[in-house]
Amino acid sequence: MSGDGPSRGGEDRGAEGGRREGPRQVAIPDKLYYRIGEVEAITEVPAYVLRYWESEFRLLRPKKNPAGQRLYRRRDLDLVLRIKTLLYDERLTLEGAKKRLVAESRGPAQMDLGVRGAALENALRRMRDQLRVMRDRLAPPKG
């Protein structure tokens, strides 16, 4: 019988019939923008929760059209799905999810800066030394 047991946040929606064991692959239509109702249907996250997450997660900032309607891009949709996984499947707190998302957003690029940072620092030191040499050459003779 459909509808047995309590449903939390629309978990039993969709043709699959019930909650899945692991994260499911979501078929996302190929569009430039999605309205909040479409995001709600695709992600199975209620609109009021999406709006709340916007206030909690800095990375989630959908555009708004002149009428004030939210327009989610594909990356916003992917982020909503990631937040949902962190909160509902991995059972992280909001703070834990925020920290994980920040760490993931830095990812390998941040580590590259550690290596490249040293090279950039050396290049800047060489440039500073060369500028000092030029300044000394151009300075009027003391005497």
# chains A, B, ... in the order shown; residues from 1 in each chain; ligands from 1

$ closest_atom_pairs --of "range 78-129 of chain A" --to "range 133-137 of chain A" --cutoff "12 Å" --atoms "only C-alpha atoms" --output "Markdown table"
| residue | atom | partner | partner_atom | distance |
| --- | --- | --- | --- | --- |
| A:Arg126 | CA | A:Val133 | CA | 10.6 |
| A:Met127 | CA | A:Val133 | CA | 9.9 |
| A:Arg128 | CA | A:Val133 | CA | 8.7 |
| A:Asp129 | CA | A:Val133 | CA | 6.3 |

$ atom_distance --atom1 "CA of Val80 in chain A" --atom2 "CA of Lys31 in chain A"
16.2 Å

$ residues_around --residues "range 52-57 of chain A" --least-positions-apart "6" --cutoff "12 Å" --atoms "only C-alpha atoms" --output "PyMOL selection string"
chain A and resi 36+45-46+63+70+72+76+79-84+87+93-102

$ write_last_selection --atoms "N, CA and C atoms" --output "CSV table (one decimal), in the first residue's frame"
chain,number,residue,atom,x,y,z
A,36,ILE,N,12.4,27.3,-9.0
A,36,ILE,CA,12.5,26.6,-7.7
A,36,ILE,C,11.6,25.4,-7.7
A,45,VAL,N,13.6,18.1,-2.6
A,45,VAL,CA,13.8,18.9,-1.4
A,45,VAL,C,12.8,20.0,-1.5
A,46,PRO,N,12.0,20.2,-0.5
A,46,PRO,CA,10.9,21.2,-0.5
A,46,PRO,C,11.5,22.6,-0.7
A,63,LYS,N,20.5,32.9,-9.1
A,63,LYS,CA,20.2,34.2,-9.6
A,63,LYS,C,18.7,34.5,-9.4
A,70,ARG,N,13.6,32.9,-8.2
A,70,ARG,CA,14.9,32.2,-8.2
A,70,ARG,C,15.1,31.4,-9.5
A,72,TYR,N,17.8,28.8,-10.8
A,72,TYR,CA,19.0,27.9,-10.4
A,72,TYR,C,19.7,27.5,-11.7
A,76,ASP,N,24.1,25.0,-9.4
A,76,ASP,CA,23.3,25.2,-8.1
A,76,ASP,C,22.5,23.9,-7.8
A,79,LEU,N,24.8,21.4,-6.5
A,79,LEU,CA,25.2,21.8,-5.1
A,79,LEU,C,24.0,21.4,-4.1
A,80,VAL,N,22.8,21.6,-4.6
A,80,VAL,CA,21.6,21.2,-3.7
A,80,VAL,C,21.7,19.7,-3.5
A,81,LEU,N,22.0,18.9,-4.6
A,81,LEU,CA,22.1,17.5,-4.4
A,81,LEU,C,23.2,17.1,-3.5
A,82,ARG,N,24.3,17.8,-3.5
A,82,ARG,CA,25.4,17.5,-2.7
A,82,ARG,C,25.1,17.8,-1.2
A,83,ILE,N,24.4,19.0,-1.0
A,83,ILE,CA,24.0,19.3,0.4
A,83,ILE,C,23.1,18.3,0.9
A,84,LYS,N,22.1,17.9,0.1
A,84,LYS,CA,21.2,16.9,0.5
A,84,LYS,C,21.9,15.6,0.9
A,87,LEU,N,23.7,16.2,4.3
A,87,LEU,CA,22.8,16.3,5.5
A,87,LEU,C,22.0,15.0,5.7
A,93,THR,N,25.9,17.7,10.4
A,93,THR,CA,25.2,18.9,10.8
A,93,THR,C,25.4,19.9,9.8
A,94,LEU,N,24.6,21.0,9.9
A,94,LEU,CA,24.8,22.1,8.9
A,94,LEU,C,26.2,22.6,9.0
A,95,GLU,N,26.8,22.8,10.1
A,95,GLU,CA,28.2,23.3,10.2
A,95,GLU,C,29.1,22.3,9.6
A,96,GLY,N,28.9,21.0,9.8
A,96,GLY,CA,29.8,20.0,9.2
A,96,GLY,C,29.7,20.0,7.7
A,97,ALA,N,28.5,20.2,7.2
A,97,ALA,CA,28.3,20.2,5.8
A,97,ALA,C,28.9,21.4,5.2
A,98,LYS,N,28.8,22.6,5.9
A,98,LYS,CA,29.5,23.8,5.4
A,98,LYS,C,31.0,23.6,5.3
A,99,LYS,N,31.6,23.0,6.3
A,99,LYS,CA,33.0,22.8,6.3
A,99,LYS,C,33.4,21.9,5.2
A,100,ARG,N,32.7,20.8,5.0
A,100,ARG,CA,33.0,19.9,4.0
A,100,ARG,C,32.9,20.5,2.6
A,101,LEU,N,31.9,21.4,2.4
A,101,LEU,CA,31.7,22.0,1.1
A,101,LEU,C,32.8,23.0,0.8
A,102,VAL,N,33.2,23.7,1.8
A,102,VAL,CA,34.3,24.7,1.7
A,102,VAL,C,35.6,23.9,1.3

$ atom_distance --atom1 "CA of Arg61 in chain A" --atom2 "CA of Tyr33 in chain A"
12.9 Å

$ atom_distance --atom1 "CA of Asp89 in chain A" --atom2 "CA of Gln69 in chain A"
29.2 Å

$ closest_residue --among "A:Arg106, A:Arg35, A:Arg58, A:Arg91" --to "Leu77 in chain A" --atoms "only C-alpha atoms"
A:Arg35

$ residues_around --residues "Tyr34 in chain A" --least-positions-apart "3" --cutoff "8 Å" --atoms "only C-alpha atoms" --output "list in words"
Lys31, Glu38, Val39, Leu71, Tyr72, Arg73 and Arg74 of chain A

$ write_last_selection --atoms "N, CA and C atoms" --output "PDB file, in the first residue's frame"
ATOM      1  N   LYS A  31      19.024  22.238 -19.279  1.00  0.00           N
ATOM      2  CA  LYS A  31      18.493  23.601 -19.433  1.00  0.00           C
ATOM      3  C   LYS A  31      19.498  24.581 -18.852  1.00  0.00           C
ATOM      4  N   GLU A  38      10.911  23.390 -10.179  1.00  0.00           N
ATOM      5  CA  GLU A  38      11.603  22.325 -10.917  1.00  0.00           C
ATOM      6  C   GLU A  38      12.710  21.712 -10.061  1.00  0.00           C
ATOM      7  N   VAL A  39      13.433  22.568  -9.341  1.00  0.00           N
ATOM      8  CA  VAL A  39      14.499  22.084  -8.467  1.00  0.00           C
ATOM      9  C   VAL A  39      13.901  21.211  -7.364  1.00  0.00           C
ATOM     10  N   LEU A  71      16.331  31.599 -10.045  1.00  0.00           N
ATOM     11  CA  LEU A  71      16.721  30.856 -11.236  1.00  0.00           C
ATOM     12  C   LEU A  71      17.996  30.095 -10.909  1.00  0.00           C
ATOM     13  N   TYR A  72      17.843  28.789 -10.756  1.00  0.00           N
ATOM     14  CA  TYR A  72      18.969  27.933 -10.410  1.00  0.00           C
ATOM     15  C   TYR A  72      19.691  27.496 -11.677  1.00  0.00           C
ATOM     16  N   ARG A  73      21.008  27.515 -11.656  1.00  0.00           N
ATOM     17  CA  ARG A  73      21.814  26.975 -12.753  1.00  0.00           C
ATOM     18  C   ARG A  73      22.121  25.513 -12.450  1.00  0.00           C
ATOM     19  N   ARG A  74      22.722  24.836 -13.394  1.00  0.00           N
ATOM     20  CA  ARG A  74      23.051  23.423 -13.206  1.00  0.00           C
ATOM     21  C   ARG A  74      23.964  23.238 -11.999  1.00  0.00           C
TER      22      ARG A  74
END

$ closest_residue --among "A:Pro140, A:Ile42, A:Arg125, A:Pro66" --to "Asp78 in chain A" --atoms "only C-alpha atoms"
A:Ile42
